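**Student:** File work_24.tsv below, TSV, C-alpha atoms:
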```tsv
chain	number	residue	atom	x	y	z
V	27	MET	CA	108.36	141.34	109.15
V	28	SER	CA	107.80	139.07	112.08
V	29	PRO	CA	110.46	138.43	114.72
V	30	TRP	CA	110.57	134.79	113.58
V	31	GLU	CA	111.99	135.72	110.20
V	32	ASN	CA	115.08	137.26	111.81
V	33	ASP	CA	115.63	134.40	114.25
V	34	PRO	CA	118.35	131.92	113.10
V	35	ALA	CA	116.53	129.07	114.89
V	36	PHE	CA	113.59	129.55	112.52
V	37	ALA	CA	115.83	128.87	109.52
V	38	GLN	CA	116.98	125.62	111.13
V	39	ILE	CA	113.40	124.56	111.84
V	40	GLU	CA	112.43	125.38	108.27
V	41	GLU	CA	115.31	123.25	106.94
V	42	ILE	CA	114.36	120.36	109.22
V	43	ALA	CA	110.75	120.60	108.01
V	44	ARG	CA	111.93	120.39	104.38
V	45	LYS	CA	114.00	117.30	105.15
V	46	ILE	CA	111.06	115.63	106.89
V	47	GLU	CA	108.81	116.44	103.94
V	48	GLN	CA	111.35	114.91	101.53
V	49	ALA	CA	111.66	111.77	103.70
V	50	VAL	CA	107.88	111.32	103.83
V	51	ALA	CA	107.64	111.78	100.05
V	52	ALA	CA	110.38	109.18	99.49
V	53	THR	CA	108.68	106.76	101.89
V	54	ASN	CA	105.35	107.29	100.14
V	55	GLU	CA	106.93	106.59	96.76
V	56	ALA	CA	108.71	103.46	98.01
V	57	LEU	CA	105.53	102.08	99.57
V	58	MET	CA	103.56	102.70	96.38
V	59	LYS	CA	106.20	100.78	94.41
V	60	LEU	CA	106.10	97.96	96.98
V	61	ALA	CA	102.31	97.74	96.80
V	62	LYS	CA	102.34	98.27	93.00
V	63	ILE	CA	99.89	101.17	93.14
V	64	GLU	CA	99.87	104.10	90.73
V	65	PRO	CA	99.42	107.50	92.45
V	66	GLN	CA	96.08	108.14	90.74
V	67	ARG	CA	94.68	104.80	91.99
V	68	VAL	CA	95.58	105.10	95.69
V	69	VAL	CA	92.10	106.09	96.88
V	70	GLU	CA	90.43	103.46	94.69
V	71	THR	CA	92.72	100.73	96.03
V	72	PHE	CA	92.03	101.62	99.65
V	73	ALA	CA	88.30	101.90	98.94
V	74	MET	CA	88.10	98.40	97.49
V	75	VAL	CA	90.07	96.85	100.37
V	76	GLN	CA	88.04	98.68	103.01
V	77	ALA	CA	84.75	97.78	101.34
V	78	GLN	CA	85.76	94.11	101.49
V	79	MET	CA	86.90	94.41	105.10
V	80	LEU	CA	83.54	95.87	106.16
V	81	GLY	CA	81.53	93.42	104.05
V	82	PHE	CA	79.85	96.01	101.83
V	83	ASP	CA	77.51	94.64	99.20
V	84	SER	CA	77.43	96.16	95.70
V	85	HIS	CA	74.92	98.86	96.67
V	86	ALA	CA	76.89	99.89	99.77
V	87	THR	CA	80.12	99.93	97.76
V	88	LYS	CA	78.54	102.28	95.20
V	89	ARG	CA	77.38	104.57	98.02
V	90	PHE	CA	80.87	104.45	99.55
V	91	ILE	CA	82.54	105.37	96.24
V	92	GLN	CA	80.02	108.20	95.77
V	93	ALA	CA	80.71	109.47	99.31
V	94	LEU	CA	84.45	109.49	98.54
V	95	GLU	CA	83.77	111.62	95.46
V	96	ASP	CA	81.38	113.92	97.36
V	97	LYS	CA	83.96	114.53	100.06
V	98	ARG	CA	86.72	115.04	97.43
V	99	VAL	CA	89.04	112.53	99.06
V	100	ASN	CA	91.01	112.06	95.85
V	101	THR	CA	91.69	115.80	95.70
V	102	TYR	CA	92.89	116.00	99.28
V	103	ALA	CA	94.96	112.80	99.18
V	104	MET	CA	96.79	113.70	95.93
V	105	GLY	CA	98.52	110.31	95.73
V	106	ASN	CA	99.64	110.24	99.37
V	107	LEU	CA	99.15	106.75	100.84
V	108	PHE	CA	98.88	107.92	104.43
V	109	VAL	CA	96.33	110.67	103.80
V	110	ALA	CA	94.29	108.46	101.47
V	111	CYS	CA	94.28	105.63	104.00
V	112	VAL	CA	92.95	107.73	106.87
V	113	MET	CA	90.44	109.68	104.81
V	114	THR	CA	88.98	106.63	103.08
V	115	ALA	CA	88.84	104.83	106.43
V	116	ALA	CA	86.86	107.71	107.96
V	117	VAL	CA	84.39	107.74	105.06
V	118	ALA	CA	84.15	103.92	105.08
V	119	LEU	CA	83.32	103.80	108.79
V	120	SER	CA	80.78	106.59	108.34
V	121	GLU	CA	79.08	104.68	105.52
V	122	PHE	CA	79.31	101.48	107.54
V	123	LYS	CA	77.46	103.09	110.42
V	124	ASN	CA	74.73	104.30	108.04
V	125	GLN	CA	74.09	100.85	106.55
V	126	PRO	CA	70.84	99.13	107.46
V	127	ILE	CA	71.17	96.23	109.90
V	128	ALA	CA	70.48	92.83	108.33
V	129	ALA	CA	67.74	90.81	110.01
V	130	ASN	CA	69.28	87.41	109.30
V	131	ALA	CA	72.87	88.23	110.20
V	132	GLY	CA	75.44	85.45	110.30
V	133	TYR	CA	78.39	85.20	112.68
V	134	ILE	CA	80.59	87.70	110.84
V	135	ARG	CA	77.74	90.19	110.44
V	136	ARG	CA	76.99	89.98	114.18
V	137	ARG	CA	80.66	90.73	114.93
V	138	LEU	CA	80.60	93.65	112.51
V	139	ARG	CA	77.43	94.93	114.22
V	140	ARG	CA	79.46	95.33	117.42
V	141	LEU	CA	81.99	97.38	115.46
V	142	ARG	CA	79.19	99.59	114.13
V	143	ASN	CA	78.56	101.06	117.59
V	144	LEU	CA	82.25	101.90	118.02
V	145	SER	CA	82.93	103.08	114.48
V	146	THR	CA	82.93	106.81	115.12
V	147	ASN	CA	85.69	107.13	117.70
V	148	GLY	CA	89.33	107.96	117.00
V	149	VAL	CA	90.72	104.67	118.27
V	150	THR	CA	88.53	102.63	115.93
V	151	LEU	CA	89.43	104.93	113.04
V	152	ALA	CA	93.15	104.51	113.76
V	153	ALA	CA	92.84	100.73	114.12
V	154	PHE	CA	90.80	100.38	110.93
V	155	ALA	CA	93.14	102.67	108.98
V	156	TRP	CA	96.15	100.68	110.22
V	157	ALA	CA	94.50	97.36	109.29
V	158	SER	CA	93.57	98.57	105.81
V	159	PHE	CA	97.04	100.07	105.29
V	160	ASN	CA	98.61	96.73	106.19
V	161	ALA	CA	96.18	94.91	103.90
V	162	VAL	CA	97.04	97.14	100.93
V	163	ILE	CA	100.79	97.15	101.53
V	164	GLY	CA	100.79	93.47	102.46
V	165	GLN	CA	99.12	92.48	99.22
V	166	GLY	CA	101.80	94.20	97.22
V	167	ALA	CA	104.61	92.99	99.46
V	168	VAL	CA	103.51	89.36	99.21
V	169	HIS	CA	103.56	89.54	95.41
V	170	GLN	CA	106.93	91.30	95.50
V	171	PHE	CA	108.47	88.68	97.80
V	172	LYS	CA	107.10	85.84	95.66
V	173	GLY	CA	108.67	87.45	92.60
V	174	TRP	CA	112.01	87.84	94.35
V	175	ARG	CA	111.91	84.26	95.58
V	176	LYS	CA	111.11	82.99	92.08
V	177	HIS	CA	113.87	85.15	90.58
V	178	TYR	CA	116.51	83.94	93.02
V	179	SER	CA	115.46	80.28	92.81
V	180	LEU	CA	115.77	80.40	89.01
V	181	LYS	CA	119.09	82.20	89.30
V	182	SER	CA	120.57	79.63	91.69
V	183	ARG	CA	119.81	76.68	89.38
```
Would you kindly transcribe this structure into structure tokens?
**Tutor:**
Amino acid sequence: MSPWENDPAFAQIEEIARKIEQAVAATNEALMKLAKIEPQRVVETFAMVQAQMLGFDSHATKRFIQALEDKRVNTYAMGNLFVACVMTAAVALSEFKNQPIAANAGYIRRRLRRLRNLSTNGVTLAAFAWASFNAVIGQGAVHQFKGWRKHYSLKSR
């Protein structure tokens, strides 16, 4: 037995940790309902949004999906929006950095090329994960708000 097991403060910390875990699980569930995402499709949803954000073509998207499977992101995320978001963002930026540079790049491609050089630091990962999280949640929220607005406008007539 360790001295921690006999300490009453440890029991309080353990109870607080359980409450935090329950709050995060409830938040995760509420956000999935808001975004209209099933738990088994969380990684796929983030992957599609992030592939669009980084301008992946069909070949790059296939490589990205394969990299997600190789790194077992679905297994680690287990339906958790936050974990899936960060892990898919890390793999997406890694694949983005490995893409060949287009010779005839347009304006957006030139801007993305600047991002390529910064894509492996923690700040860029956090910013990209946050942007993709907002894109996924925002898509669901917009549809939800439109539905509520339509429901209440029909109800008030």
**Student:** Would you mind telling me which residue in V:Gln125, V:Gln66, V:Ser158, V:Ala152 lies nearest to Thr87 in chain V when using all atoms listed in the file?
**Tutor:**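 Counting all atoms listed in the file, the residue closest to Thr87 in chain V is V:Gln125.
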**Student:** Within 12 Å of Val75 in chain V, counting all atoms listed in the file, which residues qualify if same-chain residues fewer than 3 places away don't, as a ChimeraX atom specification?
**Tutor:** /V:68-72,78-82,87,90,111,114-115,118,154-155,157-165
**Student:** So that I can see what lies close to Arg89 in chain V, please list as a list of chain:residue names the residues with an atom at most 9 Å from it, counting all atoms listed in the file and leaving out residues fewer than 5 positions away in the same chain.
**Tutor:** V:Ser84, V:Leu94, V:Glu121
**Student:** Would you work out the distance separating CA of Asn54 in chain V from CA of Leu107 in chain V, expressed in Å to one decimal?
**Tutor:**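 It comes out at 6.3 Å.
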**Student:** Which of these residues is nearest to Pro65 in chain V, using only C-alpha atoms: V:Ala35, V:Ala51, V:Met104, V:Ile42?
**Tutor:**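 Using only C-alpha atoms, Pro65 in chain V sits closest to V:Met104.
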